[in-house]
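Here is the file final-v2.txt (compact mmCIF, C-alpha atoms).
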# COMPACT_ATOMS: atom_id res chain seq x y z
CA MET A 30 -145.62 18.48 24.45
CA GLU A 31 -144.27 16.02 21.88
CA LYS A 32 -143.98 12.38 22.90
CA ASP A 33 -140.57 12.27 21.19
CA LYS A 34 -139.10 14.89 23.52
CA LYS A 35 -136.58 13.62 26.00
CA GLU A 36 -137.72 13.13 29.57
CA LEU A 37 -137.61 16.22 31.78
CA GLN A 38 -134.55 16.29 34.03
CA VAL A 39 -136.71 17.50 36.94
CA ALA A 40 -140.31 16.47 37.75
CA ALA A 41 -143.25 18.77 36.97
CA LEU A 42 -144.72 21.00 39.69
CA GLU A 43 -148.46 21.34 40.37
CA ASN A 44 -148.33 24.68 42.22
CA GLY A 45 -145.38 26.76 43.31
CA THR A 46 -142.30 28.54 42.00
CA VAL A 47 -139.53 27.47 39.67
CA ILE A 48 -136.29 29.43 39.80
CA ASP A 49 -134.41 28.59 36.62
CA HIS A 50 -131.16 29.54 34.89
CA ILE A 51 -129.25 29.95 38.15
CA PRO A 52 -125.49 29.90 37.49
CA SER A 53 -124.33 26.57 39.00
CA GLU A 54 -121.75 28.26 41.23
CA LYS A 55 -124.52 30.42 42.77
CA LEU A 56 -127.12 27.67 43.30
CA PHE A 57 -126.37 26.90 46.95
CA THR A 58 -126.03 30.61 47.76
CA VAL A 59 -129.59 31.07 46.46
CA VAL A 60 -130.75 28.04 48.51
CA SER A 61 -129.26 29.66 51.61
CA LEU A 62 -130.62 33.17 50.88
CA LEU A 63 -134.15 31.83 50.52
CA GLY A 64 -133.91 29.77 53.71
CA LEU A 65 -134.96 26.61 51.88
CA LYS A 66 -133.38 24.31 54.51
CA GLN A 67 -135.94 25.53 57.04
CA MET A 68 -138.97 25.02 54.74
CA GLU A 69 -141.17 21.98 54.99
CA ASN A 70 -142.38 22.33 51.39
CA ASN A 71 -141.43 19.77 48.76
CA ILE A 72 -138.26 21.19 47.16
CA THR A 73 -136.39 19.91 44.13
CA ILE A 74 -132.89 21.20 43.46
CA GLY A 75 -131.14 20.47 40.18
CA PHE A 76 -127.40 21.12 40.05
CA ASN A 77 -125.09 21.26 37.03
CA LEU A 78 -127.91 20.63 34.56
CA ASN A 79 -127.14 21.21 30.89
CA SER A 80 -128.02 24.67 29.60
CA LYS A 81 -127.59 26.08 26.10
CA LYS A 82 -127.31 29.57 27.57
CA LEU A 83 -125.06 28.96 30.60
CA GLY A 84 -123.36 25.66 29.81
CA LYS A 85 -124.32 24.37 33.26
CA LYS A 86 -127.14 25.72 35.41
CA GLY A 87 -129.06 25.19 38.59
CA ILE A 88 -132.81 25.02 39.06
CA ILE A 89 -134.97 25.11 42.18
CA LYS A 90 -138.61 24.03 42.32
CA VAL A 91 -140.55 24.84 45.48
CA ALA A 92 -144.03 23.37 45.84
CA ASP A 93 -146.81 25.61 47.16
CA LYS A 94 -144.53 28.62 47.71
CA PHE A 95 -144.75 31.99 46.01
CA PHE A 96 -141.88 34.29 46.93
CA CYS A 97 -142.36 37.95 47.84
CA ASP A 98 -140.43 40.79 46.19
CA ASP A 99 -137.98 41.05 49.11
CA GLU A 100 -137.02 37.38 48.72
CA ILE A 101 -136.63 37.78 44.96
CA ASN A 102 -134.48 40.90 45.43
CA ARG A 103 -132.07 38.84 47.53
CA ILE A 104 -131.59 36.48 44.57
CA ALA A 105 -130.99 39.38 42.17
CA VAL A 106 -127.97 40.53 44.18
CA VAL A 107 -126.07 37.24 43.76
CA ALA A 108 -127.62 35.73 40.63
CA PRO A 109 -129.06 38.32 38.27
CA ASN A 110 -131.05 37.32 35.19
CA VAL A 111 -132.44 34.10 36.66
CA LYS A 112 -135.90 33.17 35.40
CA LEU A 113 -138.81 32.94 37.81
CA ASN A 114 -141.84 30.87 36.81
CA ILE A 115 -145.06 30.82 38.82
CA ILE A 116 -146.90 27.51 38.39
CA ARG A 117 -150.60 26.87 39.05
CA ASN A 118 -152.27 23.57 38.09
CA TYR A 119 -149.12 22.45 36.24
CA GLU A 120 -149.26 25.55 34.00
CA VAL A 121 -146.85 28.50 33.93
CA VAL A 122 -149.08 31.48 34.75
CA GLU A 123 -146.31 34.06 35.12
CA LYS A 124 -142.74 34.27 33.84
CA ARG A 125 -140.29 36.97 34.73
CA GLU A 126 -136.60 37.68 34.75
CA VAL A 127 -135.17 38.60 38.13
CA ARG A 128 -133.65 42.09 37.98
CA LEU A 129 -132.07 44.30 40.59
CA PRO A 130 -134.53 46.85 41.97
CA ASP A 131 -133.61 50.54 42.26
CA GLU A 132 -133.17 50.18 46.02
CA LEU A 133 -132.15 47.39 48.39
CA CYS A 134 -133.38 47.67 51.98
CA GLY A 135 -132.21 45.38 54.78
CA ILE A 136 -130.62 42.89 52.38
CA VAL A 137 -126.97 43.92 52.07
CA LYS A 138 -124.39 44.80 54.74
CA CYS A 139 -122.44 48.03 54.30
CA ALA A 140 -118.70 47.42 53.86
CA ASN A 141 -117.83 50.64 55.69
CA PRO A 142 -117.18 49.72 59.35
CA LYS A 143 -117.91 53.34 60.35
CA CYS A 144 -121.32 53.40 58.63
CA ILE A 145 -124.21 54.06 61.02
CA THR A 146 -125.87 50.81 59.90
CA ASN A 147 -122.94 48.86 61.37
CA ASN A 148 -123.06 50.76 64.66
CA GLU A 149 -126.76 51.35 65.32
CA PRO A 150 -129.72 48.95 65.17
CA MET A 151 -131.14 50.13 61.86
CA PRO A 152 -131.78 48.52 58.47
CA THR A 153 -129.36 49.11 55.62
CA ARG A 154 -130.45 50.97 52.51
CA PHE A 155 -128.63 50.94 49.19
CA HIS A 156 -129.28 52.64 45.89
CA VAL A 157 -128.44 50.57 42.82
CA VAL A 158 -126.25 52.83 40.67
CA ASP A 159 -125.38 50.26 37.98
CA LYS A 160 -127.82 47.38 37.47
CA GLU A 161 -125.79 45.72 34.72
CA ASN A 162 -122.62 45.39 36.83
CA CYS A 163 -124.37 45.37 40.24
CA VAL A 164 -122.84 48.46 41.79
CA ILE A 165 -124.67 49.72 44.86
CA LYS A 166 -124.19 52.79 47.05
CA CYS A 167 -125.04 53.09 50.74
CA HIS A 168 -127.74 55.66 51.38
CA TYR A 169 -126.08 56.76 54.63
CA CYS A 170 -122.31 56.81 54.07
CA GLU A 171 -122.32 56.72 50.25
CA LYS A 172 -119.78 53.87 50.08
CA GLU A 173 -120.04 52.02 46.77
CA GLN A 174 -119.76 48.25 46.52
CA LYS A 175 -119.52 45.89 43.57
CA ARG A 176 -121.16 42.46 43.37
CA ASP A 177 -118.04 40.57 44.47
CA GLU A 178 -117.68 42.81 47.56
CA ILE A 179 -121.29 42.43 48.73
CA THR A 180 -122.19 40.61 51.94
CA ILE A 181 -125.82 39.51 52.21
CA LEU A 182 -127.47 39.90 55.62

Reformat the file's structure so that it appears as structure tokens.
Amino acid sequence: MEKDKKELQVAALENGTVIDHIPSEKLFTVVSLLGLKQMENNITIGFNLNSKKLGKKGIIKVADKFFCDDEINRIAVVAPNVKLNIIRNYEVVEKREVRLPDELCGIVKCANPKCITNNEPMPTRFHVVDKENCVIKCHYCEKEQKRDEITIL
């Protein structure tokens, strides 16, 4: 890294996960979805940081934590296209863009009050019918929901 470069806005991470390019308005939703308040790990949250791509963005750095696919899928529902960086020994060892999976299980509540998932103790299951616009369809009652109608469990 060049010495002339401006100082990083957020400190470097030895081991853990960096969730970057979170739209600022979704940052605290992502914090809540991942249960970060309950973690004892060292967590850095950057809010309204300058971004060429988004104008303003959020970033979350979690020391010594590597999220599972289910946790990452929760992020994809509210903040698609965020960047996930896995850090080991201060080096990025894996970079990926968070995308909606083909199916969401136990993550989203069905908006249909008559759906069996709202009346029986069973996990929800949705098929993603449009990844670009985040349109999902309940496996059981076939009700479709758009991103702005989705309630996360």

Counting only C-alpha atoms, the option among A:Asn79, A:Asn114, A:Asn102, A:Asn147 closest to Val59 of chain A: A:Asn102

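Nearest to Asp159 of chain A of all the residues A:Gly64, A:Pro130, A:Gly75, A:Gly87 is A:Pro130, based on only C-alpha atoms.
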
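The nearest approach to Asn71 of chain A among the residues A:Thr58, A:Asn110, A:Ser53, A:Thr46, with only C-alpha atoms taken into account, belongs to A:Thr46.
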
Neighbouring residues of Lys85 of chain A were defined as those with any atom within 9 Å, considering only C-alpha atoms; residues of the same chain fewer than 4 positions away were excluded. Please report them as JSON, numbers by chain. {"A": [50, 51, 52, 53, 76, 77, 78, 79, 80, 81]}

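The closest residue to Lys55 of chain A, picked from A:Val111, A:Ala140, A:Ile72, A:Leu42 and counting all atoms listed in the file, is A:Val111.
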
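Residues lying within 8 Å of Asp131 of chain A, counting only C-alpha atoms and ignoring same-chain neighbours fewer than 4 positions away, are His156, Val157 and Val158 of chain A.
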
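Considering the residues A:Glu54, A:Gly135, A:Arg117, A:Val106 and counting all atoms listed in the file, Gly84 of chain A has its shortest atom-to-atom contact with A:Glu54.
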
Just want the 9 Å neighbourhood of Arg103 of chain A, counted on only C-alpha atoms, with same-chain residues fewer than 2 positions away dropped. Output as a PyMOL selection string. chain A and resi 59+62-63+98-101+105-108+129+133+136-137+181

When you look at Ile145 of chain A with a cut-off of 12 Å (counting all atoms listed in the file), what residues show up, excluding the ones that are within fewer than 2 positions of it in the same chain? I need them as JSON, numbers by chain. {"A": [138, 139, 140, 141, 142, 143, 147, 148, 149, 150, 151, 152, 153, 154, 167, 168, 169, 170, 171, 172]}

Would you pull segment 32-84 of chain A out of the block just shown and save C-alpha atoms as an mmCIF file, in the first residue's frame?
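Below is the file that was written, result_4.cif:
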data_model
loop_
_atom_site.group_PDB
_atom_site.id
_atom_site.type_symbol
_atom_site.label_atom_id
_atom_site.label_comp_id
_atom_site.auth_asym_id
_atom_site.auth_seq_id
_atom_site.Cartn_x
_atom_site.Cartn_y
_atom_site.Cartn_z
ATOM 1 C CA LYS A 32 2.460 5.690 1.964
ATOM 2 C CA ASP A 33 0.733 8.618 0.226
ATOM 3 C CA LYS A 34 -2.690 6.990 0.477
ATOM 4 C CA LYS A 35 -5.057 8.584 2.917
ATOM 5 C CA GLU A 36 -5.569 6.873 6.247
ATOM 6 C CA LEU A 37 -8.160 4.093 6.306
ATOM 7 C CA GLN A 38 -11.489 5.226 7.734
ATOM 8 C CA VAL A 39 -11.772 1.963 9.694
ATOM 9 C CA ALA A 40 -8.935 0.001 11.367
ATOM 10 C CA ALA A 41 -7.525 -3.172 9.790
ATOM 11 C CA LEU A 42 -8.740 -6.599 10.934
ATOM 12 C CA GLU A 43 -6.411 -9.510 11.745
ATOM 13 C CA ASN A 44 -8.978 -12.325 11.360
ATOM 14 C CA GLY A 45 -12.692 -12.163 10.727
ATOM 15 C CA THR A 46 -15.275 -10.864 8.286
ATOM 16 C CA VAL A 47 -15.779 -7.501 6.652
ATOM 17 C CA ILE A 48 -19.223 -6.738 5.261
ATOM 18 C CA ASP A 49 -18.791 -3.795 2.913
ATOM 19 C CA HIS A 50 -20.912 -1.680 0.572
ATOM 20 C CA ILE A 51 -24.000 -1.881 2.776
ATOM 21 C CA PRO A 52 -26.485 0.850 1.817
ATOM 22 C CA SER A 53 -26.402 3.273 4.788
ATOM 23 C CA GLU A 54 -30.154 3.029 5.345
ATOM 24 C CA LYS A 55 -29.831 -0.774 5.728
ATOM 25 C CA LEU A 56 -26.779 -0.832 8.012
ATOM 26 C CA PHE A 57 -28.598 -1.158 11.343
ATOM 27 C CA THR A 58 -31.034 -3.687 9.879
ATOM 28 C CA VAL A 59 -28.019 -5.848 8.984
ATOM 29 C CA VAL A 60 -26.581 -5.339 12.500
ATOM 30 C CA SER A 61 -29.875 -6.563 13.950
ATOM 31 C CA LEU A 62 -30.255 -9.522 11.536
ATOM 32 C CA LEU A 63 -26.801 -10.815 12.423
ATOM 33 C CA GLY A 64 -27.397 -10.438 16.163
ATOM 34 C CA LEU A 65 -24.240 -8.358 16.569
ATOM 35 C CA LYS A 66 -25.474 -6.757 19.826
ATOM 36 C CA GLN A 67 -25.287 -10.156 21.510
ATOM 37 C CA MET A 68 -21.747 -10.958 20.285
ATOM 38 C CA GLU A 69 -18.719 -10.467 22.461
ATOM 39 C CA ASN A 70 -16.375 -10.192 19.464
ATOM 40 C CA ASN A 71 -14.647 -6.915 18.646
ATOM 41 C CA ILE A 72 -17.000 -5.211 16.157
ATOM 42 C CA THR A 73 -16.412 -2.041 14.177
ATOM 43 C CA ILE A 74 -19.357 -0.363 12.484
ATOM 44 C CA GLY A 75 -18.844 2.449 9.999
ATOM 45 C CA PHE A 76 -21.898 4.509 9.086
ATOM 46 C CA ASN A 77 -22.337 7.021 6.261
ATOM 47 C CA LEU A 78 -18.814 6.490 4.927
ATOM 48 C CA ASN A 79 -18.035 7.938 1.505
ATOM 49 C CA SER A 80 -18.496 5.528 -1.386
ATOM 50 C CA LYS A 81 -17.951 6.139 -5.093
ATOM 51 C CA LYS A 82 -20.528 3.470 -5.896
ATOM 52 C CA LEU A 83 -23.267 4.245 -3.341
ATOM 53 C CA GLY A 84 -22.563 7.842 -2.328
#
